[in-house]
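One file, input_4.txt, is given below (compact mmCIF, C-alpha atoms and all ligand atoms).
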# COMPACT_ATOMS: atom_id res chain seq x y z
CA MET L 16 0.00 0.00 0.00
CA LYS L 17 1.19 3.55 -0.77
CA ARG L 18 2.01 5.75 2.21
CA VAL L 19 -0.64 8.36 2.81
CA LEU L 20 0.86 11.82 2.39
CA ILE L 21 -0.36 14.79 4.41
CA ILE L 22 1.28 18.08 3.40
CA GLY L 23 0.57 21.31 5.26
CA ASN L 24 0.83 24.31 2.95
CA TRP L 25 1.63 27.23 5.23
CA LYS L 26 1.59 29.71 2.32
CA MET L 27 3.02 33.18 3.13
CA ASN L 28 2.49 32.94 6.88
CA LEU L 29 4.71 32.81 9.99
CA ASN L 30 8.13 34.36 10.53
CA VAL L 31 11.14 32.24 11.51
CA HIS L 32 10.29 32.33 15.21
CA GLU L 33 6.58 31.55 14.75
CA ALA L 34 7.37 28.76 12.30
CA SER L 35 9.74 27.18 14.79
CA ILE L 36 7.06 27.22 17.50
CA LEU L 37 4.45 25.65 15.22
CA VAL L 38 6.78 22.91 14.03
CA LYS L 39 7.64 22.07 17.64
CA ARG L 40 3.95 21.80 18.55
CA ILE L 41 3.22 19.60 15.55
CA SER L 42 6.19 17.33 16.31
CA ASP L 43 5.04 16.93 19.89
CA LEU L 44 1.60 15.83 18.76
CA ILE L 45 2.35 13.42 15.94
CA GLN L 46 4.11 10.09 15.89
CA VAL L 47 6.34 8.37 13.37
CA HIS L 48 4.02 6.15 11.39
CA ARG L 49 4.91 3.56 8.79
CA GLU L 50 1.83 4.16 6.68
CA VAL L 51 1.54 7.94 6.89
CA GLU L 52 4.04 10.55 5.78
CA VAL L 53 3.69 14.05 7.19
CA ALA L 54 5.21 17.01 5.37
CA ILE L 55 5.09 20.75 5.85
CA ALA L 56 5.63 23.50 3.30
CA PRO L 57 6.77 26.58 5.22
CA SER L 58 8.06 29.77 3.57
CA MET L 59 11.36 29.62 1.70
CA LEU L 60 13.01 31.68 4.45
CA THR L 61 12.22 29.17 7.18
CA LEU L 62 13.15 25.96 5.33
CA GLN L 63 16.77 25.97 6.43
CA PRO L 64 16.24 26.61 10.18
CA ILE L 65 13.33 24.17 10.26
CA SER L 66 15.45 21.50 8.57
CA GLN L 67 17.76 21.64 11.57
CA GLN L 68 14.91 21.43 14.04
CA ILE L 69 12.89 18.52 12.68
CA ASP L 70 13.30 14.79 12.84
CA THR L 71 12.94 13.88 9.16
CA ARG L 72 11.54 10.48 10.06
CA LYS L 73 8.60 12.35 11.49
CA ILE L 74 8.25 15.36 9.22
CA SER L 75 9.38 15.83 5.62
CA LEU L 76 10.01 19.24 4.13
CA ALA L 77 8.41 20.77 1.06
CA ALA L 78 9.01 24.13 -0.61
CA GLN L 79 6.05 26.08 -1.94
CA ASN L 80 7.75 27.12 -5.16
CA ALA L 81 11.09 27.25 -6.98
CA TYR L 82 12.46 28.52 -10.30
CA TYR L 83 13.14 26.14 -13.17
CA LYS L 84 16.61 27.36 -14.14
CA ASP L 85 19.34 25.82 -12.01
CA GLU L 86 21.38 29.03 -11.56
CA GLY L 87 22.09 32.40 -13.09
CA ALA L 88 20.95 35.99 -13.31
CA TYR L 89 17.36 35.58 -12.11
CA THR L 90 17.09 38.16 -9.35
CA GLY L 91 14.90 37.10 -6.48
CA GLU L 92 14.50 33.46 -7.45
CA VAL L 93 15.55 30.24 -5.70
CA SER L 94 16.24 27.20 -7.89
CA PHE L 95 15.32 23.55 -7.46
CA ASN L 96 19.03 22.91 -7.57
CA MET L 97 19.48 25.00 -4.40
CA LEU L 98 16.72 23.06 -2.69
CA ARG L 99 18.23 19.67 -3.52
CA ASN L 100 18.92 17.69 -0.32
CA LEU L 101 17.01 20.27 1.71
CA VAL L 102 13.45 19.40 0.67
CA LYS L 103 11.80 16.22 -0.48
CA TYR L 104 8.90 17.94 -2.24
CA VAL L 105 8.15 21.20 -4.02
CA ILE L 106 4.61 22.39 -4.65
CA VAL L 107 4.28 23.33 -8.32
CA GLY L 108 1.39 24.96 -10.14
CA HIS L 109 -0.61 25.99 -7.11
CA SER L 110 -3.63 28.02 -8.25
CA GLU L 111 -2.38 31.07 -6.34
CA ARG L 112 0.77 30.92 -8.46
CA ARG L 113 -1.19 30.34 -11.66
CA ILE L 114 -3.57 33.22 -10.90
CA TYR L 115 -1.53 35.85 -8.98
CA PHE L 116 1.85 35.17 -10.60
CA HIS L 117 0.56 34.25 -14.07
CA GLU L 118 2.33 30.90 -14.26
CA ASP L 119 1.14 29.21 -17.43
CA LEU L 120 1.11 25.56 -18.48
CA GLU L 121 4.61 25.74 -19.97
CA VAL L 122 6.21 27.38 -16.91
CA ILE L 123 4.65 24.71 -14.74
CA ARG L 124 5.92 21.98 -17.07
CA ASP L 125 9.44 23.44 -16.83
CA LYS L 126 9.21 23.51 -13.01
CA VAL L 127 8.05 19.88 -12.88
CA THR L 128 10.95 18.96 -15.17
CA ALA L 129 13.44 20.90 -13.00
CA ALA L 130 12.16 19.21 -9.85
CA ILE L 131 12.72 15.72 -11.29
CA ARG L 132 16.13 16.77 -12.68
CA ASN L 133 17.11 17.75 -9.14
CA ASP L 134 15.76 14.64 -7.39
CA ILE L 135 12.83 16.43 -5.81
CA SER L 136 9.25 15.15 -6.07
CA PRO L 137 6.98 17.79 -7.52
CA VAL L 138 3.55 18.14 -5.95
CA LEU L 139 1.74 19.24 -9.06
CA CYS L 140 -1.50 21.09 -8.26
CA VAL L 141 -4.28 20.91 -10.82
CA GLY L 142 -7.85 22.10 -10.64
CA GLU L 143 -10.61 23.95 -12.46
CA SER L 144 -11.95 27.40 -11.63
CA HIS L 145 -15.56 28.04 -10.70
CA GLN L 146 -16.27 29.36 -14.18
CA GLU L 147 -14.65 26.38 -15.87
CA LYS L 148 -16.74 24.08 -13.70
CA THR L 149 -20.02 25.82 -14.58
CA GLU L 150 -19.11 25.80 -18.27
CA GLY L 151 -18.51 22.03 -18.16
CA GLU L 152 -14.80 22.44 -18.87
CA THR L 153 -13.42 20.52 -15.88
CA LYS L 154 -12.27 17.40 -17.78
CA ARG L 155 -10.52 19.39 -20.48
CA VAL L 156 -8.80 21.70 -17.97
CA ILE L 157 -7.52 18.81 -15.87
CA HIS L 158 -6.39 16.91 -18.95
CA ASP L 159 -4.46 19.93 -20.29
CA GLN L 160 -2.87 20.71 -16.93
CA VAL L 161 -1.80 17.10 -16.31
CA THR L 162 -0.55 16.29 -19.79
CA THR L 163 1.41 19.52 -20.32
CA ALA L 164 3.02 19.44 -16.87
CA LEU L 165 4.26 15.87 -17.29
CA SER L 166 5.19 16.09 -20.95
CA ASN L 167 8.99 16.14 -20.47
CA LEU L 168 9.00 13.14 -18.13
CA THR L 169 9.50 9.42 -18.65
CA ALA L 170 7.12 6.86 -17.15
CA GLU L 171 9.71 6.19 -14.46
CA ASP L 172 9.88 9.91 -13.58
CA VAL L 173 6.10 10.08 -13.34
CA GLU L 174 6.16 7.54 -10.51
CA LYS L 175 7.93 10.18 -8.36
CA VAL L 176 5.29 12.83 -8.99
CA VAL L 177 2.48 13.65 -6.60
CA ILE L 178 -0.60 15.24 -8.14
CA ALA L 179 -2.82 17.36 -5.90
CA TYR L 180 -6.36 17.84 -7.13
CA GLU L 181 -7.35 21.25 -5.82
CA PRO L 182 -10.54 22.64 -7.36
CA VAL L 183 -9.89 26.39 -7.33
CA TRP L 184 -13.43 27.12 -6.09
CA ALA L 185 -12.82 24.91 -3.04
CA ILE L 186 -9.60 26.62 -1.89
CA SER L 187 -10.20 28.99 1.03
CA THR L 188 -8.45 31.83 -0.86
CA PHE L 189 -10.97 31.66 -3.70
CA GLY L 190 -14.24 31.08 -1.90
CA GLY L 191 -13.74 27.82 -0.07
CA GLU L 192 -16.93 26.12 -1.27
CA LEU L 193 -16.85 22.59 0.12
CA ALA L 194 -16.31 19.94 -2.57
CA LYS L 195 -18.28 16.79 -1.80
CA PRO L 196 -16.26 13.56 -1.89
CA SER L 197 -18.70 12.34 -4.58
CA VAL L 198 -17.61 15.27 -6.75
CA VAL L 199 -13.91 14.71 -6.04
CA LYS L 200 -13.86 10.97 -6.78
CA PRO L 201 -14.48 11.13 -10.58
CA ILE L 202 -11.75 13.73 -10.98
CA ILE L 203 -9.26 11.61 -9.06
CA ASP L 204 -10.17 8.73 -11.39
CA LEU L 205 -9.83 10.99 -14.41
CA ILE L 206 -6.33 12.12 -13.38
CA ARG L 207 -5.20 8.52 -12.96
CA TYR L 208 -6.81 7.60 -16.27
CA ASN L 209 -5.01 10.48 -18.05
CA VAL L 210 -1.69 9.33 -16.62
CA LYS L 211 -2.40 5.73 -17.56
CA GLU L 212 -3.17 6.67 -21.17
CA LEU L 213 0.15 8.50 -21.44
CA TYR L 214 2.54 6.54 -19.26
CA GLY L 215 0.98 3.14 -18.74
CA GLU L 216 -0.53 1.12 -15.96
CA LYS L 217 2.54 0.99 -13.69
CA ALA L 218 3.15 4.76 -13.63
CA ALA L 219 -0.55 5.42 -13.03
CA ALA L 220 -0.69 2.90 -10.21
CA SER L 221 2.45 4.27 -8.52
CA LEU L 222 1.49 7.93 -8.78
CA ARG L 223 0.14 9.46 -5.58
CA ILE L 224 -2.92 11.67 -5.97
CA ILE L 225 -3.86 13.86 -3.02
CA TYR L 226 -6.75 16.23 -2.42
CA GLY L 227 -6.72 19.85 -1.29
CA GLY L 228 -9.24 22.63 -0.90
CA SER L 229 -10.52 23.71 2.53
CA VAL L 230 -9.57 20.39 4.10
CA ASP L 231 -9.78 20.50 7.89
CA ASP L 232 -10.01 18.04 10.75
CA GLN L 233 -13.77 17.59 10.16
CA THR L 234 -13.66 16.98 6.40
CA ALA L 235 -10.37 15.07 6.19
CA PRO L 236 -11.80 11.58 6.88
CA GLY L 237 -14.39 11.93 4.07
CA TYR L 238 -11.69 12.74 1.53
CA LEU L 239 -9.26 10.12 2.78
CA GLU L 240 -11.94 7.47 2.40
CA ILE L 241 -12.23 8.12 -1.34
CA GLU L 242 -10.71 5.22 -3.24
CA GLY L 243 -7.63 6.43 -5.11
CA VAL L 244 -6.94 9.38 -2.78
CA ASN L 245 -3.47 8.97 -1.29
CA GLY L 246 -3.34 12.00 0.97
CA LEU L 247 -4.28 15.61 1.58
CA LEU L 248 -2.94 19.13 1.11
CA PRO L 249 -4.53 21.33 3.78
CA GLY L 250 -3.71 25.06 3.75
CA SER L 251 -5.27 27.19 6.48
CA ALA L 252 -5.99 24.20 8.75
CA SER L 253 -2.29 23.30 8.70
CA LEU L 254 -1.50 26.52 10.60
CA ASN L 255 -3.50 25.21 13.54
CA TYR L 256 -1.55 22.43 15.24
CA HIS L 257 -4.65 20.84 16.78
CA LYS L 258 -6.44 20.67 13.44
CA PHE L 259 -3.34 19.55 11.57
CA SER L 260 -2.50 16.77 13.99
CA GLU L 261 -6.13 15.65 13.93
CA ILE L 262 -5.93 15.42 10.14
CA VAL L 263 -2.80 13.27 10.56
CA ASN L 264 -4.60 11.15 13.15
CA SER L 265 -7.49 10.54 10.74
CA ALA L 266 -4.93 9.29 8.24
CA TYR L 267 -3.44 6.92 10.86
CA ARG L 268 -6.90 5.54 11.59
CA LEU L 269 -7.97 5.17 7.99
CA THR L 270 -4.83 3.44 6.77
CA HIS L 271 -5.92 0.49 8.85
CA LYS L 272 -9.33 0.41 7.17
CA LYS L 273 -8.40 1.05 3.54
CA PRO L 274 -7.76 -1.91 1.25
P1 LIG L 301 -6.98 25.73 2.04
O1 LIG L 301 -5.72 25.75 1.06
O2 LIG L 301 -6.94 24.45 2.80
O3 LIG L 301 -6.78 26.94 2.93
O4 LIG L 301 -8.19 25.85 1.18
C1 LIG L 301 -5.32 24.59 0.38
C2 LIG L 301 -4.29 24.98 -0.64
O5 LIG L 301 -4.40 26.08 -1.21
O6 LIG L 301 -3.34 24.21 -0.88

Whole structure given in structure tokens:
Amino acid sequence: MKRVLIIGNWKMNLNVHEASILVKRISDLIQVHREVEVAIAPSMLTLQPISQQIDTRKISLAAQNAYYKDEGAYTGEVSFNMLRNLVKYVIVGHSERRIYFHEDLEVIRDKVTAAIRNDISPVLCVGESHQEKTEGETKRVIHDQVTTALSNLTAEDVEKVVIAYEPVWAISTFGGELAKPSVVKPIIDLIRYNVKELYGEKAAASLRIIYGGSVDDQTAPGYLEIEGVNGLLPGSASLNYHKFSEIVNSAYRLTHKKP
């Protein structure tokens, strides 16, 4: 069975001191678990100090973004190459980056490629906007986002990718409408089907697909119970150590129930 992956996306919150306090509280509340992997994505600034504070058997590190060139005159950017050996994951293509920072399909593809080139697993976020959903465009949007982002990878590379299905309309930033598990399930299936068509059965079966969009301690079990969901990407709830550790606890409980 694949390890369930719970990644807390802290977004642009918490200074170095606050981040250190939160990570301590989370570490005190969670246990090392064979079937559940816990990761946090703090700000770029806090990755280095937090890496020295955590027990990596308990908590993995993820960056929220990185630039696709390995080095050079790109003022203000941090490359995947610089994050090598510091983080295990990098979130790529989050809707806030697509919308606020105008990252298009090709930029996201280049970031996914750079992550794999630097031995980092990309957590590729895909999801349709509210308008795309009402216009019946969800399948096409997901297909385009998935296929373009993975297009430079081999089937073997794809096995290292995590895809996060995050319907934009369900993310707290953009309205936070609750997505019912019955609405999420067909899209999870669709993502795996798209990957299978392109990279074959083995890559599709190995790929981890997680869900994000207003996940909290109350809604986490419902999403984790969906067949084919291999974890969660909570944002605002991950800044609350009680809620976040409860989400992790739900994953511990459900790994014993899931086939
Ligand atoms: P949210 O954020 O849980 O606050 O909706 C999730 C995300 O944007 O990754």

Chain L residues near ligand LIG 301 (chain L) within 8 Å, closest pair each, using all atoms listed in the file, as a Markdown table:
| residue | atom | partner | partner_atom | distance |
| --- | --- | --- | --- | --- |
| L:Gly23 | CA | L:LIG301 | O6 | 7.8 |
| L:Asn24 | CA | L:LIG301 | O6 | 5.7 |
| L:Lys26 | CA | L:LIG301 | O5 | 7.8 |
| L:His109 | CA | L:LIG301 | O5 | 7.0 |
| L:Ser110 | CA | L:LIG301 | O5 | 7.3 |
| L:Glu111 | CA | L:LIG301 | O5 | 7.4 |
| L:Glu181 | CA | L:LIG301 | O6 | 7.0 |
| L:Ala185 | CA | L:LIG301 | O4 | 6.3 |
| L:Ile186 | CA | L:LIG301 | O4 | 3.5 |
| L:Ser187 | CA | L:LIG301 | O4 | 3.7 |
| L:Thr188 | CA | L:LIG301 | O4 | 6.3 |
| L:Gly191 | CA | L:LIG301 | O4 | 6.0 |
| L:Gly227 | CA | L:LIG301 | C1 | 5.2 |
| L:Gly228 | CA | L:LIG301 | O4 | 4.0 |
| L:Ser229 | CA | L:LIG301 | O4 | 3.4 |
| L:Val230 | CA | L:LIG301 | O2 | 5.0 |
| L:Asp231 | CA | L:LIG301 | O2 | 7.0 |
| L:Leu248 | CA | L:LIG301 | O6 | 5.5 |
| L:Pro249 | CA | L:LIG301 | O2 | 4.1 |
| L:Gly250 | CA | L:LIG301 | O2 | 3.4 |
| L:Ser251 | CA | L:LIG301 | O3 | 3.9 |
| L:Ala252 | CA | L:LIG301 | O2 | 6.0 |
| L:Ser253 | CA | L:LIG301 | O2 | 7.6 |

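Residue nearest Arg268 of chain L, chosen from L:His32, L:Lys195, L:His145, L:His48 and counting all atoms listed in the file: L:His48.
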
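Closest approach to Glu143 of chain L from the set L:Val105, L:Ile202, L:Ile36, L:Val183 is made by L:Val183, with distances taken over all atoms listed in the file.
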
Compile a residue-level contact table for segment 175-195 of chain L against segment 161-167 of chain L at a cut-off of 12 Å, reporting for every qualifying residue the shortest atom pair and its distance in Å to one decimal, with all atoms listed in the file counted, rows ordered by chain and ascending number, as a Markdown table.
| residue | atom | partner | partner_atom | distance |
| --- | --- | --- | --- | --- |
| L:Lys175 | CA | L:Leu165 | CA | 11.2 |
| L:Val176 | CA | L:Leu165 | CA | 8.9 |
| L:Val177 | CA | L:Leu165 | CA | 11.1 |
| L:Ile178 | CA | L:Val161 | CA | 8.5 |
| L:Ala179 | CA | L:Val161 | CA | 10.5 |
| L:Tyr180 | CA | L:Val161 | CA | 10.3 |

Notebook entry, point to check: With only C-alpha atoms as the atoms that count, which of L:Lys126, L:Thr153, L:Ile45, L:Asp119 lies nearest to Val93 of chain L?
Noted result: L:Lys126

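Our summary of the geometry notes that atom CA of Val53 of chain L is positioned 29.4 Å from atom CA of Leu213 of chain L.
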
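Here atom CA of Ser265 of chain L and atom CA of Tyr238 of chain L stand 10.4 Å from one another.
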
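Near Gln67 of chain L, within 12 Å and counting all atoms listed in the file, sit Ser35, Val38, Lys39, Thr61, Leu62, Gln63, Pro64, Ile65, Ile69, Asp70, Thr71, Ile74, Ser75, Leu76, Leu101 and Val102 of chain L, not including residues fewer than 2 positions from it in the same chain.
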
For the selection just defined, write its residues with C-alpha atoms to a file, as a PDB file, keeping the file's coordinate frame.
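To be explicit, this is the file written out as selection_10.pdb:
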ATOM      1  CA  SER L  35       9.740  27.180  14.790  1.00  0.00           C
ATOM      2  CA  VAL L  38       6.780  22.910  14.030  1.00  0.00           C
ATOM      3  CA  LYS L  39       7.640  22.070  17.640  1.00  0.00           C
ATOM      4  CA  THR L  61      12.220  29.170   7.180  1.00  0.00           C
ATOM      5  CA  LEU L  62      13.150  25.960   5.330  1.00  0.00           C
ATOM      6  CA  GLN L  63      16.770  25.970   6.430  1.00  0.00           C
ATOM      7  CA  PRO L  64      16.240  26.610  10.180  1.00  0.00           C
ATOM      8  CA  ILE L  65      13.330  24.170  10.260  1.00  0.00           C
ATOM      9  CA  ILE L  69      12.890  18.520  12.680  1.00  0.00           C
ATOM     10  CA  ASP L  70      13.300  14.790  12.840  1.00  0.00           C
ATOM     11  CA  THR L  71      12.940  13.880   9.160  1.00  0.00           C
ATOM     12  CA  ILE L  74       8.250  15.360   9.220  1.00  0.00           C
ATOM     13  CA  SER L  75       9.380  15.830   5.620  1.00  0.00           C
ATOM     14  CA  LEU L  76      10.010  19.240   4.130  1.00  0.00           C
ATOM     15  CA  LEU L 101      17.010  20.270   1.710  1.00  0.00           C
ATOM     16  CA  VAL L 102      13.450  19.400   0.670  1.00  0.00           C
TER      17      VAL L 102
END

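Distances from L:Val199, L:Ala129, L:Ile106, L:Ile123 to Lys84 of chain L were compared using only C-alpha atoms, and the smallest one belongs to L:Ala129.
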
Check: So how many Å separate atom CA of Asp85 of chain L and atom CA of Glu118 of chain L, to one decimal?
Finding: 17.9 Å

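Of the residues under consideration (L:Pro236, L:Val244, L:Val210, L:Leu44), L:Val244 shows the shortest atom-to-atom contact distance to Ile224 of chain L when counting all atoms listed in the file.
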
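Using only C-alpha atoms, the nearest neighbour of Gly243 of chain L within the list L:Glu261, L:Val19, L:Val173, L:Ala266 is L:Val19.
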